[in-house]
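Peer 1: Just dropping this structure here.
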Amino acid sequence: MAEKIYSEIPMRTWRWLGVNEARVDDDVLAPGINDVQSLSVAAGESRELTVVYRQEGQGRIDVKVAEGGSLKLTVVQLLPTDRQHAGHVAVELAKGSRLEAVAVEAGAARSVSKMEVFLQGDESRADVHVLYFGDEARQLDMNYVLVQEGRQTEANLNVYGALLGQADKIFRGTLDFRHGSKGSKGYEKEQVMVLSGQVRNRSVPLMLSGEDAVEGHHAVSIGKMDENKLFYLMSRGLDMAEARRLVVEAAFNPVLDRIGDEELYQELDDYIKERLADE
């Protein structure tokens with residue numbers, strides 16, 4: 001089956017890891033199975049948009065936020081475990097505008113997602129929160145690029161994940177300070193919990209700078225479940241499975257708590273509990 005390049009990191013590197021690009025099967029990108037949404041947020045306006053993918057092979061969201069506007073964007077992928085999904089989000093931020101984005105990758109046998117945020121206007125800000133969950137033999141491929149073009153912009157990328165079974169995951173996170181972005185700040189953090197010795201985890205933090213007066217930070221934390229936490233919970237009467245589930249849920253709360261839709265929050269919480277119980 002033929003494949004096409006779906007997303008790439010801005011600067012090719014780490015060739016030996018095979019992380020420079022993500023490819024998607026042609027049939028996933030075929031016309032007629034797409035879900036495309038476009039949204040414009042007017043100057044000074046505040047809006048919310050929630051998109052949940054349950055069957056769509058491909059989805060795209062294009063957003064433009066005008067000066068002083070703000071958007072709360074929630075994107076959740078919950079396809080059946082025998083399907084593939086490709087998702088693309090592109091956001092343009094004008095002067096003084098704000099984006100709070102919550103992205104959850106939890107379904108599909110194979111998912112390829114990318115998000116591009118362009119902080120074009122001075123003093124614009126983007127706060128992006130990502131949760132991914134991979135179990136069994138699922139493949140997750142994510143590419144997040146925050147491009148800072150205006151002066152005194154601020155971009156924050158916070159990522160939380162858990163991998164079980166034989167899951168295979170790539171997360172690319174890029175802070176790209178373009179020329180003219182003086183006074184801008186960027187922060188990227190990924191925390192991944194590895195719950196099986198058979199998972200494959202690849203984390204690709206990347207920072208690019210075409211401007212000297214900027215401040216950027218990135219960090220990746222990869223580790224097994226805290227044995228002390230497990231011991232404490234089991235000493236209070238929980239078995240291993242219950243204790244592990246509580247630790248994972250606690251790690252996901254910084255993202256789940258940002259989902260304003262109570263029904264969707266409960267659906268995700270139940271879904272993760274069920275998947276953990278099956279391990």
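Residues are referred to by chain and number: the chain letter is A, B, ... according to the order shown in the structure tokens, the number counts from 1 in that chain, and ligands are numbered separately from 1 in the order shown.
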To test your reading of the structure, identify every residue in stretch 94-126 of chain A that backbone DSSP assigns to strand (DSSP E), and report it as a list in words.
Peer 2: Arg98, Leu99, Glu100, Ala101, Val102, Ala103, Val104, Glu105, Arg110, Ser111, Val112, Ser113, Lys114, Met115, Glu116, Val117, Phe118, Leu119, Arg125 and Ala126 of chain A
Peer 1: Contacts between stretch 72-84 of chain A and stretch 124-202 of chain A, please, where a residue of stretch 124-202 of chain A counts if it comes within 12 Å (with only C-alpha atoms); show its shortest atom pair and distance in Å to one decimal, rows by chain and ascending number, as JSON lines.
Peer 2:
```
{"residue": "A:Ala126", "atom": "CA", "partner": "A:Lys72", "partner_atom": "CA", "distance": 10.3}
{"residue": "A:Asp127", "atom": "CA", "partner": "A:Lys72", "partner_atom": "CA", "distance": 9.7}
{"residue": "A:Val128", "atom": "CA", "partner": "A:Leu73", "partner_atom": "CA", "distance": 9.3}
{"residue": "A:His129", "atom": "CA", "partner": "A:Thr74", "partner_atom": "CA", "distance": 9.5}
{"residue": "A:Val130", "atom": "CA", "partner": "A:Val75", "partner_atom": "CA", "distance": 9.6}
{"residue": "A:Leu131", "atom": "CA", "partner": "A:Val76", "partner_atom": "CA", "distance": 9.4}
{"residue": "A:Tyr132", "atom": "CA", "partner": "A:Gln77", "partner_atom": "CA", "distance": 9.7}
{"residue": "A:Phe133", "atom": "CA", "partner": "A:Gln77", "partner_atom": "CA", "distance": 10.7}
{"residue": "A:Gly134", "atom": "CA", "partner": "A:Thr81", "partner_atom": "CA", "distance": 10.7}
{"residue": "A:Asp135", "atom": "CA", "partner": "A:Thr81", "partner_atom": "CA", "distance": 10.2}
{"residue": "A:Glu136", "atom": "CA", "partner": "A:Thr81", "partner_atom": "CA", "distance": 9.7}
{"residue": "A:Ala137", "atom": "CA", "partner": "A:Thr81", "partner_atom": "CA", "distance": 9.8}
{"residue": "A:Arg138", "atom": "CA", "partner": "A:Thr81", "partner_atom": "CA", "distance": 8.0}
{"residue": "A:Gln139", "atom": "CA", "partner": "A:Gln84", "partner_atom": "CA", "distance": 9.5}
{"residue": "A:Leu140", "atom": "CA", "partner": "A:Gln84", "partner_atom": "CA", "distance": 10.2}
{"residue": "A:Asp141", "atom": "CA", "partner": "A:Gln84", "partner_atom": "CA", "distance": 11.4}
```
Peer 1: Quick one: everything within 9 Å of A:Tyr6, counting only C-alpha atoms, minus sequence neighbours fewer than 3 positions away in the same chain. Send it as a list in words.
Peer 2: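 My list of contacting residues is Glu3, Glu21, Ala22, Arg23, Val24, Ala86, Val112, Ser113 and Lys114 of chain A.
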Peer 1: Counting only C-alpha atoms, figure out which residue out of A:Asn143, A:Ser196, A:Thr50, A:Gln55 gets nearest to A:Asn20.
Peer 2: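 Closest residue, counting only C-alpha atoms: A:Asn143.
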Peer 1: Would you mind writing down, as a PyMOL selection string, each residue of stretch 51-268 of chain A that DSSP on the backbone assigns to alpha helix (DSSP H)?
Peer 2: chain A and resi 227-235+240-256+262-268
Peer 1: Excluding A:Arg172 and any residue of its chain fewer than 2 positions from it, enumerate the residues within 9 Å of it, using only C-alpha atoms, and give them as a PDB file with C-alpha atoms, in the first residue's frame.
Peer 2:
```pdb
ATOM      1  CA  ILE A   9       9.884  18.422  11.550  1.00  0.00           C
ATOM      2  CA  VAL A  19      11.709  10.504  13.156  1.00  0.00           C
ATOM      3  CA  ASN A  20      12.084  13.218  10.514  1.00  0.00           C
ATOM      4  CA  ASP A 141       2.940   9.629  15.654  1.00  0.00           C
ATOM      5  CA  MET A 142       2.622  13.281  16.744  1.00  0.00           C
ATOM      6  CA  ASN A 143       4.196  16.471  15.426  1.00  0.00           C
ATOM      7  CA  TYR A 144       3.614  19.801  17.212  1.00  0.00           C
ATOM      8  CA  VAL A 145       5.220  22.998  15.883  1.00  0.00           C
ATOM      9  CA  ILE A 170       6.890   9.278  18.370  1.00  0.00           C
ATOM     10  CA  THR A 174       9.292  22.182  18.099  1.00  0.00           C
ATOM     11  CA  ARG A 202      10.853   8.218  20.752  1.00  0.00           C
ATOM     12  CA  SER A 203      10.749  11.805  22.014  1.00  0.00           C
ATOM     13  CA  VAL A 204      12.077  14.526  19.707  1.00  0.00           C
ATOM     14  CA  PRO A 205      12.316  17.982  21.328  1.00  0.00           C
ATOM     15  CA  LEU A 206      13.589  20.635  18.918  1.00  0.00           C
TER      16      LEU A 206
END
```
Peer 1: In terms of the shortest atom-to-atom distance over only C-alpha atoms, which of A:Val65, A:Arg258, A:Gly59, A:Leu17 is closest to A:Ser40?
Peer 2: A:Val65
